[in-house]
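A.B. asks: My structure is stored as data_11.cif, with mmCIF, C-alpha atoms and all ligand atoms; chains and numbers go by the auth columns.
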```
data_data
loop_
_atom_site.group_PDB
_atom_site.id
_atom_site.type_symbol
_atom_site.label_atom_id
_atom_site.label_comp_id
_atom_site.label_asym_id
_atom_site.label_seq_id
_atom_site.Cartn_x
_atom_site.Cartn_y
_atom_site.Cartn_z
_atom_site.B_iso_or_equiv
_atom_site.auth_seq_id
_atom_site.auth_asym_id
ATOM 1 C CA MET A 1 5.305 13.683 9.655 0.00 1 A
ATOM 2 C CA ASN A 2 1.819 12.855 8.435 0.00 2 A
ATOM 3 C CA ILE A 3 1.037 9.187 8.069 0.00 3 A
ATOM 4 C CA LEU A 4 -1.400 7.503 5.708 0.00 4 A
ATOM 5 C CA GLN A 5 -2.051 3.925 6.865 0.00 5 A
ATOM 6 C CA ILE A 6 -3.610 1.598 4.313 0.00 6 A
ATOM 7 C CA ASN A 7 -5.201 -1.539 5.754 0.00 7 A
ATOM 8 C CA ALA A 8 -5.312 -3.966 2.845 0.00 8 A
ATOM 9 C CA SER A 9 -6.818 -7.146 4.264 0.00 9 A
ATOM 10 C CA ALA A 10 -10.090 -8.484 2.915 0.00 10 A
ATOM 11 C CA ARG A 11 -11.088 -8.743 6.590 0.00 11 A
ATOM 12 C CA ARG A 12 -12.467 -5.913 8.689 0.00 12 A
ATOM 13 C CA GLU A 13 -11.742 -7.691 11.988 0.00 13 A
ATOM 14 C CA GLY A 14 -8.852 -9.823 13.173 0.00 14 A
ATOM 15 C CA ALA A 15 -6.529 -9.221 10.225 0.00 15 A
ATOM 16 C CA ASN A 16 -2.848 -9.841 10.889 0.00 16 A
ATOM 17 C CA SER A 17 -1.849 -7.328 8.209 0.00 17 A
ATOM 18 C CA THR A 18 -3.852 -4.634 10.030 0.00 18 A
ATOM 19 C CA LYS A 19 -2.234 -5.642 13.327 0.00 19 A
ATOM 20 C CA LEU A 20 1.161 -5.258 11.613 0.00 20 A
ATOM 21 C CA ALA A 21 0.238 -1.887 10.097 0.00 21 A
ATOM 22 C CA ASP A 22 -0.916 -0.739 13.572 0.00 22 A
ATOM 23 C CA GLN A 23 2.416 -1.934 14.992 0.00 23 A
ATOM 24 C CA ILE A 24 4.350 0.100 12.406 0.00 24 A
ATOM 25 C CA THR A 25 2.226 3.209 12.899 0.00 25 A
ATOM 26 C CA GLY A 26 2.406 2.834 16.682 0.00 26 A
ATOM 27 C CA ARG A 27 6.209 2.860 16.545 0.00 27 A
ATOM 28 C CA LEU A 28 6.241 5.837 14.185 0.00 28 A
ATOM 29 C CA LYS A 29 3.917 7.778 16.479 0.00 29 A
ATOM 30 C CA ALA A 30 6.055 6.848 19.501 0.00 30 A
ATOM 31 C CA SER A 31 9.188 8.269 17.873 0.00 31 A
ATOM 32 C CA HIS A 32 7.358 11.192 16.224 0.00 32 A
ATOM 33 C CA PRO A 33 4.620 12.234 18.677 0.00 33 A
ATOM 34 C CA GLU A 34 3.669 15.201 16.495 0.00 34 A
ATOM 35 C CA ALA A 35 2.787 12.892 13.578 0.00 35 A
ATOM 36 C CA THR A 36 -0.787 12.932 12.301 0.00 36 A
ATOM 37 C CA LEU A 37 -2.509 9.726 11.184 0.00 37 A
ATOM 38 C CA THR A 38 -5.121 8.960 8.532 0.00 38 A
ATOM 39 C CA VAL A 39 -6.296 5.351 8.307 0.00 39 A
ATOM 40 C CA ARG A 40 -7.919 3.983 5.141 0.00 40 A
ATOM 41 C CA ASP A 41 -9.344 0.489 5.544 0.00 41 A
ATOM 42 C CA LEU A 42 -9.957 -1.067 2.138 0.00 42 A
ATOM 43 C CA ALA A 43 -12.249 -3.796 3.521 0.00 43 A
ATOM 44 C CA THR A 44 -14.514 -1.304 5.268 0.00 44 A
ATOM 45 C CA THR A 45 -14.451 1.165 2.376 0.00 45 A
ATOM 46 C CA PRO A 46 -13.650 -0.661 -0.874 0.00 46 A
ATOM 47 C CA VAL A 47 -12.455 1.460 -3.758 0.00 47 A
ATOM 48 C CA THR A 48 -13.649 1.317 -7.371 0.00 48 A
ATOM 49 C CA VAL A 49 -12.549 -1.691 -9.403 0.00 49 A
ATOM 50 C CA LEU A 50 -10.665 -0.771 -12.564 0.00 50 A
ATOM 51 C CA ASP A 51 -13.218 -2.246 -14.958 0.00 51 A
ATOM 52 C CA GLU A 52 -14.399 -1.160 -18.391 0.00 52 A
ATOM 53 C CA ALA A 53 -16.727 1.505 -16.986 0.00 53 A
ATOM 54 C CA ALA A 54 -13.973 3.013 -14.820 0.00 54 A
ATOM 55 C CA LEU A 55 -11.499 3.035 -17.704 0.00 55 A
ATOM 56 C CA GLY A 56 -14.170 4.640 -19.884 0.00 56 A
ATOM 57 C CA ALA A 57 -14.683 7.370 -17.277 0.00 57 A
ATOM 58 C CA LEU A 58 -10.947 8.053 -17.003 0.00 58 A
ATOM 59 C CA PHE A 59 -10.465 8.239 -20.773 0.00 59 A
ATOM 60 C CA THR A 60 -13.479 10.483 -21.405 0.00 60 A
ATOM 61 C CA PRO A 61 -12.614 14.224 -21.488 0.00 61 A
ATOM 62 C CA ALA A 62 -13.926 15.950 -18.340 0.00 62 A
ATOM 63 C CA GLU A 63 -16.513 18.065 -20.176 0.00 63 A
ATOM 64 C CA GLN A 64 -18.012 15.008 -21.868 0.00 64 A
ATOM 65 C CA ARG A 65 -18.344 12.783 -18.789 0.00 65 A
ATOM 66 C CA SER A 66 -21.753 11.620 -17.563 0.00 66 A
ATOM 67 C CA ALA A 67 -22.596 12.292 -13.910 0.00 67 A
ATOM 68 C CA GLU A 68 -21.773 8.658 -13.147 0.00 68 A
ATOM 69 C CA GLN A 69 -18.391 8.917 -14.877 0.00 69 A
ATOM 70 C CA ALA A 70 -17.621 12.190 -13.111 0.00 70 A
ATOM 71 C CA ALA A 71 -18.335 10.489 -9.777 0.00 71 A
ATOM 72 C CA VAL A 72 -15.893 7.684 -10.595 0.00 72 A
ATOM 73 C CA VAL A 73 -13.153 10.151 -11.546 0.00 73 A
ATOM 74 C CA ALA A 74 -13.856 12.179 -8.399 0.00 74 A
ATOM 75 C CA GLU A 75 -13.183 9.067 -6.347 0.00 75 A
ATOM 76 C CA TYR A 76 -9.850 8.537 -8.124 0.00 76 A
ATOM 77 C CA ASP A 77 -8.978 12.204 -7.585 0.00 77 A
ATOM 78 C CA ALA A 78 -9.784 11.992 -3.860 0.00 78 A
ATOM 79 C CA LEU A 79 -7.603 8.915 -3.313 0.00 79 A
ATOM 80 C CA ILE A 80 -4.729 10.551 -5.191 0.00 80 A
ATOM 81 C CA ALA A 81 -5.142 13.798 -3.241 0.00 81 A
ATOM 82 C CA GLU A 82 -4.994 11.727 -0.062 0.00 82 A
ATOM 83 C CA ILE A 83 -1.676 10.070 -0.907 0.00 83 A
ATOM 84 C CA GLN A 84 -0.271 13.384 -2.182 0.00 84 A
ATOM 85 C CA ALA A 85 -1.159 15.029 1.137 0.00 85 A
ATOM 86 C CA HIS A 86 0.844 12.554 3.253 0.00 86 A
ATOM 87 C CA ASP A 87 4.608 12.118 3.504 0.00 87 A
ATOM 88 C CA THR A 88 4.670 8.673 5.120 0.00 88 A
ATOM 89 C CA ILE A 89 2.709 5.759 3.678 0.00 89 A
ATOM 90 C CA VAL A 90 2.248 2.642 5.820 0.00 90 A
ATOM 91 C CA LEU A 91 0.851 -0.398 4.032 0.00 91 A
ATOM 92 C CA GLY A 92 -0.452 -3.477 5.856 0.00 92 A
ATOM 93 C CA VAL A 93 -0.241 -6.128 3.153 0.00 93 A
ATOM 94 C CA PRO A 94 -1.589 -9.688 3.460 0.00 94 A
ATOM 95 C CA MET A 95 -0.249 -12.438 1.219 0.00 95 A
ATOM 96 C CA TYR A 96 -3.143 -14.098 -0.592 0.00 96 A
ATOM 97 C CA ASN A 97 -2.317 -16.835 -3.071 0.00 97 A
ATOM 98 C CA PHE A 98 1.226 -15.549 -3.529 0.00 98 A
ATOM 99 C CA GLY A 99 0.019 -12.075 -4.344 0.00 99 A
ATOM 100 C CA ILE A 100 -1.709 -9.097 -2.761 0.00 100 A
ATOM 101 C CA SER A 101 -5.387 -8.724 -1.854 0.00 101 A
ATOM 102 C CA SER A 102 -7.690 -7.631 -4.645 0.00 102 A
ATOM 103 C CA GLN A 103 -8.682 -4.713 -2.390 0.00 103 A
ATOM 104 C CA LEU A 104 -5.087 -3.457 -2.396 0.00 104 A
ATOM 105 C CA LYS A 105 -4.712 -3.976 -6.149 0.00 105 A
ATOM 106 C CA ASP A 106 -7.843 -1.860 -6.639 0.00 106 A
ATOM 107 C CA TRP A 107 -6.326 0.949 -4.526 0.00 107 A
ATOM 108 C CA ILE A 108 -3.016 0.759 -6.431 0.00 108 A
ATOM 109 C CA ASP A 109 -4.961 0.903 -9.707 0.00 109 A
ATOM 110 C CA ASN A 110 -6.791 3.981 -8.416 0.00 110 A
ATOM 111 C CA VAL A 111 -3.715 5.947 -7.355 0.00 111 A
ATOM 112 C CA SER A 112 -1.506 5.053 -10.350 0.00 112 A
ATOM 113 C CA LEU A 113 -2.636 7.671 -12.853 0.00 113 A
ATOM 114 C CA ASN A 114 -0.675 8.799 -15.896 0.00 114 A
ATOM 115 C CA GLN A 115 0.332 12.495 -15.775 0.00 115 A
ATOM 116 C CA VAL A 116 -0.690 12.675 -12.122 0.00 116 A
ATOM 117 C CA THR A 117 1.342 10.154 -10.117 0.00 117 A
ATOM 118 C CA PHE A 118 3.675 9.135 -12.946 0.00 118 A
ATOM 119 C CA ARG A 119 4.454 10.183 -16.497 0.00 119 A
ATOM 120 C CA TYR A 120 6.497 8.913 -19.395 0.00 120 A
ATOM 121 C CA THR A 121 9.333 11.064 -20.660 0.00 121 A
ATOM 122 C CA ALA A 122 11.939 10.582 -23.372 0.00 122 A
ATOM 123 C CA ASN A 123 14.092 8.998 -20.645 0.00 123 A
ATOM 124 C CA GLY A 124 11.415 6.543 -19.495 0.00 124 A
ATOM 125 C CA PRO A 125 8.885 6.683 -16.658 0.00 125 A
ATOM 126 C CA GLU A 126 9.090 9.364 -13.992 0.00 126 A
ATOM 127 C CA GLY A 127 7.329 9.014 -10.636 0.00 127 A
ATOM 128 C CA LEU A 128 5.511 12.132 -9.469 0.00 128 A
ATOM 129 C CA LEU A 129 4.891 11.274 -5.807 0.00 129 A
ATOM 130 C CA LYS A 130 8.028 13.019 -4.555 0.00 130 A
ATOM 131 C CA ASN A 131 9.508 13.355 -1.078 0.00 131 A
ATOM 132 C CA LYS A 132 7.631 10.478 0.503 0.00 132 A
ATOM 133 C CA ARG A 133 8.624 7.390 2.392 0.00 133 A
ATOM 134 C CA ALA A 134 6.833 4.059 2.522 0.00 134 A
ATOM 135 C CA LEU A 135 6.893 1.360 5.168 0.00 135 A
ATOM 136 C CA VAL A 136 5.425 -1.853 3.822 0.00 136 A
ATOM 137 C CA GLY A 137 4.417 -4.550 6.305 0.00 137 A
ATOM 138 C CA PHE A 138 3.913 -8.032 4.899 0.00 138 A
ATOM 139 C CA ALA A 139 1.736 -10.481 6.867 0.00 139 A
ATOM 140 C CA ARG A 140 1.964 -14.066 5.705 0.00 140 A
ATOM 141 C CA GLY A 141 0.669 -17.416 6.855 0.00 141 A
ATOM 142 C CA GLY A 142 3.838 -19.170 5.665 0.00 142 A
ATOM 143 C CA LEU A 143 7.533 -18.395 5.233 0.00 143 A
ATOM 144 C CA TYR A 144 8.553 -16.821 1.927 0.00 144 A
ATOM 145 C CA ARG A 145 10.977 -14.009 2.738 0.00 145 A
ATOM 146 C CA GLY A 146 14.048 -14.139 0.503 0.00 146 A
ATOM 147 C CA THR A 147 12.610 -16.891 -1.692 0.00 147 A
ATOM 148 C CA GLU A 148 11.414 -16.834 -5.293 0.00 148 A
ATOM 149 C CA ALA A 149 7.856 -17.299 -4.065 0.00 149 A
ATOM 150 C CA ASP A 150 7.964 -13.837 -2.456 0.00 150 A
ATOM 151 C CA THR A 151 6.372 -12.004 -5.352 0.00 151 A
ATOM 152 C CA GLN A 152 5.345 -9.120 -3.112 0.00 152 A
ATOM 153 C CA THR A 153 8.734 -7.556 -2.331 0.00 153 A
ATOM 154 C CA PRO A 154 9.791 -7.032 -5.988 0.00 154 A
ATOM 155 C CA TYR A 155 6.265 -5.882 -6.853 0.00 155 A
ATOM 156 C CA PHE A 156 6.333 -3.121 -4.226 0.00 156 A
ATOM 157 C CA LYS A 157 9.921 -2.146 -5.073 0.00 157 A
ATOM 158 C CA ALA A 158 8.885 -1.708 -8.709 0.00 158 A
ATOM 159 C CA TRP A 159 5.547 0.007 -8.106 0.00 159 A
ATOM 160 C CA LEU A 160 6.721 2.431 -5.420 0.00 160 A
ATOM 161 C CA LYS A 161 9.714 3.460 -7.553 0.00 161 A
ATOM 162 C CA PHE A 162 7.417 3.854 -10.552 0.00 162 A
ATOM 163 C CA VAL A 163 5.263 6.405 -8.723 0.00 163 A
ATOM 164 C CA GLY A 164 8.311 8.177 -7.299 0.00 164 A
ATOM 165 C CA ILE A 165 8.594 6.766 -3.751 0.00 165 A
ATOM 166 C CA GLU A 166 12.229 5.778 -3.310 0.00 166 A
ATOM 167 C CA ASP A 167 12.584 5.726 0.485 0.00 167 A
ATOM 168 C CA VAL A 168 11.087 2.289 1.134 0.00 168 A
ATOM 169 C CA GLN A 169 11.396 -0.051 4.131 0.00 169 A
ATOM 170 C CA PHE A 170 9.989 -3.565 4.341 0.00 170 A
ATOM 171 C CA VAL A 171 8.795 -5.285 7.498 0.00 171 A
ATOM 172 C CA TYR A 172 7.950 -8.986 7.533 0.00 172 A
ATOM 173 C CA ALA A 173 5.620 -10.909 9.865 0.00 173 A
ATOM 174 C CA GLU A 174 5.707 -14.467 8.586 0.00 174 A
ATOM 175 C CA GLY A 175 4.670 -17.928 9.681 0.00 175 A
ATOM 176 C CA LEU A 176 1.523 -16.452 11.197 0.00 176 A
ATOM 177 C CA ASN A 177 -0.639 -19.514 10.456 0.00 177 A
ATOM 178 C CA MET A 178 1.966 -22.027 11.640 0.00 178 A
ATOM 179 C CA GLY A 179 0.885 -22.165 15.278 0.00 179 A
ATOM 180 C CA ASP A 180 0.905 -19.798 18.245 0.00 180 A
ATOM 181 C CA GLU A 181 4.662 -19.844 18.792 0.00 181 A
ATOM 182 C CA ALA A 182 5.396 -19.202 15.121 0.00 182 A
ATOM 183 C CA ASN A 183 2.816 -16.410 15.104 0.00 183 A
ATOM 184 C CA LYS A 184 4.510 -14.717 18.058 0.00 184 A
ATOM 185 C CA ALA A 185 7.921 -15.205 16.457 0.00 185 A
ATOM 186 C CA GLY A 186 6.608 -13.677 13.221 0.00 186 A
ATOM 187 C CA PHE A 187 5.534 -10.474 14.961 0.00 187 A
ATOM 188 C CA ALA A 188 8.798 -10.409 16.968 0.00 188 A
ATOM 189 C CA THR A 189 10.787 -10.516 13.708 0.00 189 A
ATOM 190 C CA ALA A 190 8.642 -7.679 12.388 0.00 190 A
ATOM 191 C CA GLU A 191 9.545 -5.673 15.481 0.00 191 A
ATOM 192 C CA GLN A 192 13.249 -6.175 14.707 0.00 192 A
ATOM 193 C CA ASP A 193 12.740 -5.132 11.081 0.00 193 A
ATOM 194 C CA LEU A 194 10.904 -2.086 12.332 0.00 194 A
ATOM 195 C CA ALA A 195 13.701 -1.129 14.721 0.00 195 A
ATOM 196 C CA SER A 196 16.180 -1.138 11.797 0.00 196 A
ATOM 197 C CA ALA A 197 13.731 0.741 9.578 0.00 197 A
ATOM 198 C CA LEU A 198 13.159 3.434 12.193 0.00 198 A
ATOM 199 C CA ALA A 199 16.872 3.806 12.898 0.00 199 A
ATOM 200 C CA SER A 200 17.211 5.292 9.407 0.00 200 A
ATOM 201 C CA LEU A 201 14.332 7.784 9.811 0.00 201 A
HETATM 202 C C1 LIG B . -7.514 -16.469 0.575 0.00 1 B
HETATM 203 C C2 LIG B . -6.234 -16.588 1.317 0.00 1 B
HETATM 204 C C3 LIG B . -5.064 -16.899 0.635 0.00 1 B
HETATM 205 C C4 LIG B . -3.860 -16.995 1.335 0.00 1 B
HETATM 206 N N1 LIG B . -2.717 -17.281 0.638 0.00 1 B
HETATM 207 C C5 LIG B . -1.524 -17.319 1.318 0.00 1 B
HETATM 208 C C6 LIG B . -0.310 -17.533 0.614 0.00 1 B
HETATM 209 O O1 LIG B . -0.250 -17.675 -0.598 0.00 1 B
HETATM 210 N N2 LIG B . 0.840 -17.556 1.339 0.00 1 B
HETATM 211 C C7 LIG B . 0.855 -17.365 2.687 0.00 1 B
HETATM 212 O O2 LIG B . 1.922 -17.368 3.282 0.00 1 B
HETATM 213 N N3 LIG B . -0.293 -17.146 3.361 0.00 1 B
HETATM 214 C C8 LIG B . -1.470 -17.116 2.716 0.00 1 B
HETATM 215 N N4 LIG B . -2.626 -16.851 3.395 0.00 1 B
HETATM 216 C C9 LIG B . -2.562 -16.546 4.824 0.00 1 B
HETATM 217 C C10 LIG B . -2.489 -15.031 5.041 0.00 1 B
HETATM 218 O O3 LIG B . -1.301 -14.531 4.497 0.00 1 B
HETATM 219 C C11 LIG B . -2.595 -14.771 6.522 0.00 1 B
HETATM 220 O O4 LIG B . -3.936 -15.004 6.904 0.00 1 B
HETATM 221 C C12 LIG B . -2.112 -13.434 6.987 0.00 1 B
HETATM 222 O O5 LIG B . -2.570 -13.271 8.310 0.00 1 B
HETATM 223 C C13 LIG B . -2.549 -12.212 6.184 0.00 1 B
HETATM 224 O O6 LIG B . -3.939 -12.102 6.055 0.00 1 B
HETATM 225 P P1 LIG B . -4.854 -11.133 6.973 0.00 1 B
HETATM 226 O O7 LIG B . -4.172 -9.816 7.027 0.00 1 B
HETATM 227 O O8 LIG B . -6.178 -11.086 6.283 0.00 1 B
HETATM 228 O O9 LIG B . -4.892 -11.759 8.348 0.00 1 B
HETATM 229 C C14 LIG B . -3.838 -16.773 2.726 0.00 1 B
HETATM 230 C C15 LIG B . -5.024 -16.442 3.394 0.00 1 B
HETATM 231 C C16 LIG B . -6.198 -16.339 2.716 0.00 1 B
HETATM 232 C C17 LIG B . -7.463 -15.962 3.460 0.00 1 B
#
```
How would this structure read if it were set down as structure tokens?
Ligand SMILES: Cc1cc2nc3c(=O)[nH]c(=O)nc-3n(C[C@H](O)[C@H](O)[C@H](O)COP(=O)(O)O)c2cc1C
C.D. replies:
Amino acid sequence: MNILQINASARREGANSTKLADQITGRLKASHPEATLTVRDLATTPVTVLDEAALGALFTPAEQRSAEQAAVVAEYDALIAEIQAHDTIVLGVPMYNFGISSQLKDWIDNVSLNQVTFRYTANGPEGLLKNKRALVGFARGGLYRGTEADTQTPYFKAWLKFVGIEDVQFVYAEGLNMGDEANKAGFATAEQDLASALASL
């Protein structure tokens, strides 16, 4: 097992989503001591925003790219090589304004590349990140699990399937901003989710 842990908070210190990702990775390492771990913290090392310049770089044929454009594409290539090189992806995902952090969206935009991590065929889209599992930890100030306001769970189900990752487990730490007791209870629930997730590994 080789684990890629993505810390997706906007915060470098004190992030609950990072604490949750550490909890997931800690359990994985405990049950698979041989596992290797790579941690990518998107607050400490932000990735390129998918803006007009980045799109221009991606759509310019390699031999015609400027040095600046080549550097942008090299960053995309490195992030994709990183996810390709790992079999277990752990995501520590904060809920911000009913969605994900912009840092995490930037990373998803970087690693979702046509013909590389997915492609369209006559039968529809085909994900190209094969033989991987994902454990997605959601850290939330409030309580949204199982409600319509949980936009994150369907988003990750759709995106992970789109890029070919079908073995997906979700872990929820909720109510984290609702007082100390609720915060503790939120992480305790996550621990239970994790126990069920790991039972199937
Ligand atoms: C800008 C911002 C927006 C937030 N929006 C929500 C929200 O829509 N729903 C929610 O349950 N919690 C919300 N929270 C609380 C976070 O989910 C909470 O702080 C949680 O710990 C994850 O963030 P962290 O990993 O940065 O700590 C928000 C926090 C911030 C800073």
A.B. asks: Just the residues within 10 Å of region 106-118 of chain A, please, counting only C-alpha atoms, with nothing from its chain fewer than 6 positions along; format it as JSON, numbers by chain.
C.D. replies: {"A": [6, 8, 42, 46, 47, 48, 49, 50, 51, 54, 58, 73, 75, 76, 77, 78, 79, 80, 81, 82, 83, 84, 125, 126, 127, 128, 129, 130, 159, 160, 161, 162, 163, 164]}
A.B. asks: If you count only C-alpha atoms and all ligand atoms, which residues end up within 8 Å of ligand LIG 1 (chain B), as a count of residues only?
C.D. replies: 29
A.B. asks: Can you work out the spacing between CA of Ile3 (chain A) and CA of Leu28 (chain A) in Å, to one decimal?
C.D. replies: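 It comes out at 8.7 Å.
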A.B. asks: CA of Ser101 (chain A) and CA of Ala190 (chain A), how far apart in Å?
C.D. replies: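 CA of Ser101 (chain A) lies at a distance of 20.0 Å from CA of Ala190 (chain A).
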A.B. asks: How many Å lie between CA of Leu37 (chain A) and CA of Ala134 (chain A), rounded to one decimal?
C.D. replies: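 Distance between the two atoms: 13.9 Å.
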A.B. asks: Need to verify the contact set: Ala70 (chain A), 12 Å, only C-alpha atoms, exclusion of same-chain residues closer than 3 positions in sequence. Can you return it as number ranges by chain?
C.D. replies: A: 53-67, 73-77
A.B. asks: Would you put the residues from that selection into a file with C-alpha atoms, as an mmCIF file, in the coordinates of the input?
C.D. replies:
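Wrote again25.cif, looks like this:
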```
data_model
loop_
_atom_site.group_PDB
_atom_site.id
_atom_site.type_symbol
_atom_site.label_atom_id
_atom_site.label_comp_id
_atom_site.auth_asym_id
_atom_site.auth_seq_id
_atom_site.Cartn_x
_atom_site.Cartn_y
_atom_site.Cartn_z
ATOM 1 C CA ALA A 53 -16.727 1.505 -16.986
ATOM 2 C CA ALA A 54 -13.973 3.013 -14.820
ATOM 3 C CA LEU A 55 -11.499 3.035 -17.704
ATOM 4 C CA GLY A 56 -14.170 4.640 -19.884
ATOM 5 C CA ALA A 57 -14.683 7.370 -17.277
ATOM 6 C CA LEU A 58 -10.947 8.053 -17.003
ATOM 7 C CA PHE A 59 -10.465 8.239 -20.773
ATOM 8 C CA THR A 60 -13.479 10.483 -21.405
ATOM 9 C CA PRO A 61 -12.614 14.224 -21.488
ATOM 10 C CA ALA A 62 -13.926 15.950 -18.340
ATOM 11 C CA GLU A 63 -16.513 18.065 -20.176
ATOM 12 C CA GLN A 64 -18.012 15.008 -21.868
ATOM 13 C CA ARG A 65 -18.344 12.783 -18.789
ATOM 14 C CA SER A 66 -21.753 11.620 -17.563
ATOM 15 C CA ALA A 67 -22.596 12.292 -13.910
ATOM 16 C CA VAL A 73 -13.153 10.151 -11.546
ATOM 17 C CA ALA A 74 -13.856 12.179 -8.399
ATOM 18 C CA GLU A 75 -13.183 9.067 -6.347
ATOM 19 C CA TYR A 76 -9.850 8.537 -8.124
ATOM 20 C CA ASP A 77 -8.978 12.204 -7.585
#
```
A.B. asks: In terms of the shortest atom-to-atom distance over only C-alpha atoms, which of A:Ala182, A:Val72, A:Ala149, A:Leu135 is closest to Ala195 (chain A)?
C.D. replies: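 Using only C-alpha atoms, Ala195 (chain A) sits closest to A:Leu135.
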A.B. asks: Which residues match the PyMOL selection byres (((chain A and resi 172) around 9) and not hetatm) in the file above, as a list in words?
C.D. replies: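 So the PyMOL selection byres (((chain A and resi 172) around 9) and not hetatm), applied here, picks out Leu20, Val136, Gly137, Phe138, Ala139, Arg140, Arg145, Phe170, Val171, Ala173, Glu174, Gly186, Phe187, Thr189, Ala190, Glu191, Asp193 and Leu194 of chain A.
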A.B. asks: Go through A:Ala35, A:Ala71, A:Val90, A:Ala43 one by one, measure the shortest atom-to-atom distance of each to Asp22 (chain A) using all atoms listed in the file, and give the residue with the smallest value.
C.D. replies: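 For Asp22 (chain A), the nearest of the given residues is A:Val90.
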A.B. asks: What box, with edges along x, y and z, holds each listed atom of region 95-113 of chain A when 5 Å is added on every side, and can you state its centre and edge lengths in Å to one decimal, as JSON?
C.D. replies:
```
{"center_x": -3.7, "center_y": -4.6, "center_z": -5.8, "size_x": 19.9, "size_y": 34.5, "size_z": 24.1}
```
A.B. asks: Choose the residue, out of A:Lys157, A:Lys132, A:Glu13, A:Leu198, that has the smallest atom-to-atom separation from Gly26 (chain A); count all atoms listed in the file.
C.D. replies: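 Going through A:Lys157, A:Lys132, A:Glu13, A:Leu198 one by one, the smallest distance to Gly26 (chain A) is for A:Leu198.
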A.B. asks: Between A:Asp167, A:Asp180, A:Glu148, A:Asp41, which is the closest to Leu201 (chain A) once you count only C-alpha atoms?
C.D. replies: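 Closest residue, counting only C-alpha atoms: A:Asp167.
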A.B. asks: Kindly indicate which residue among A:Gln5, A:Ser31, A:Ser200, A:Gln103 lies nearest to Thr45 (chain A), using all atoms listed in the file for the distances.
C.D. replies: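 Distance minimum relative to Thr45 (chain A) lands on A:Gln103.
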A.B. asks: I need the residue nearest Ala85 (chain A) from this list: A:Thr44, A:Asn2, A:Gln192, A:Gln69. Use all atoms listed in the file for the distance.
C.D. replies: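 Residue with the minimum atom-to-atom distance to Ala85 (chain A): A:Asn2.
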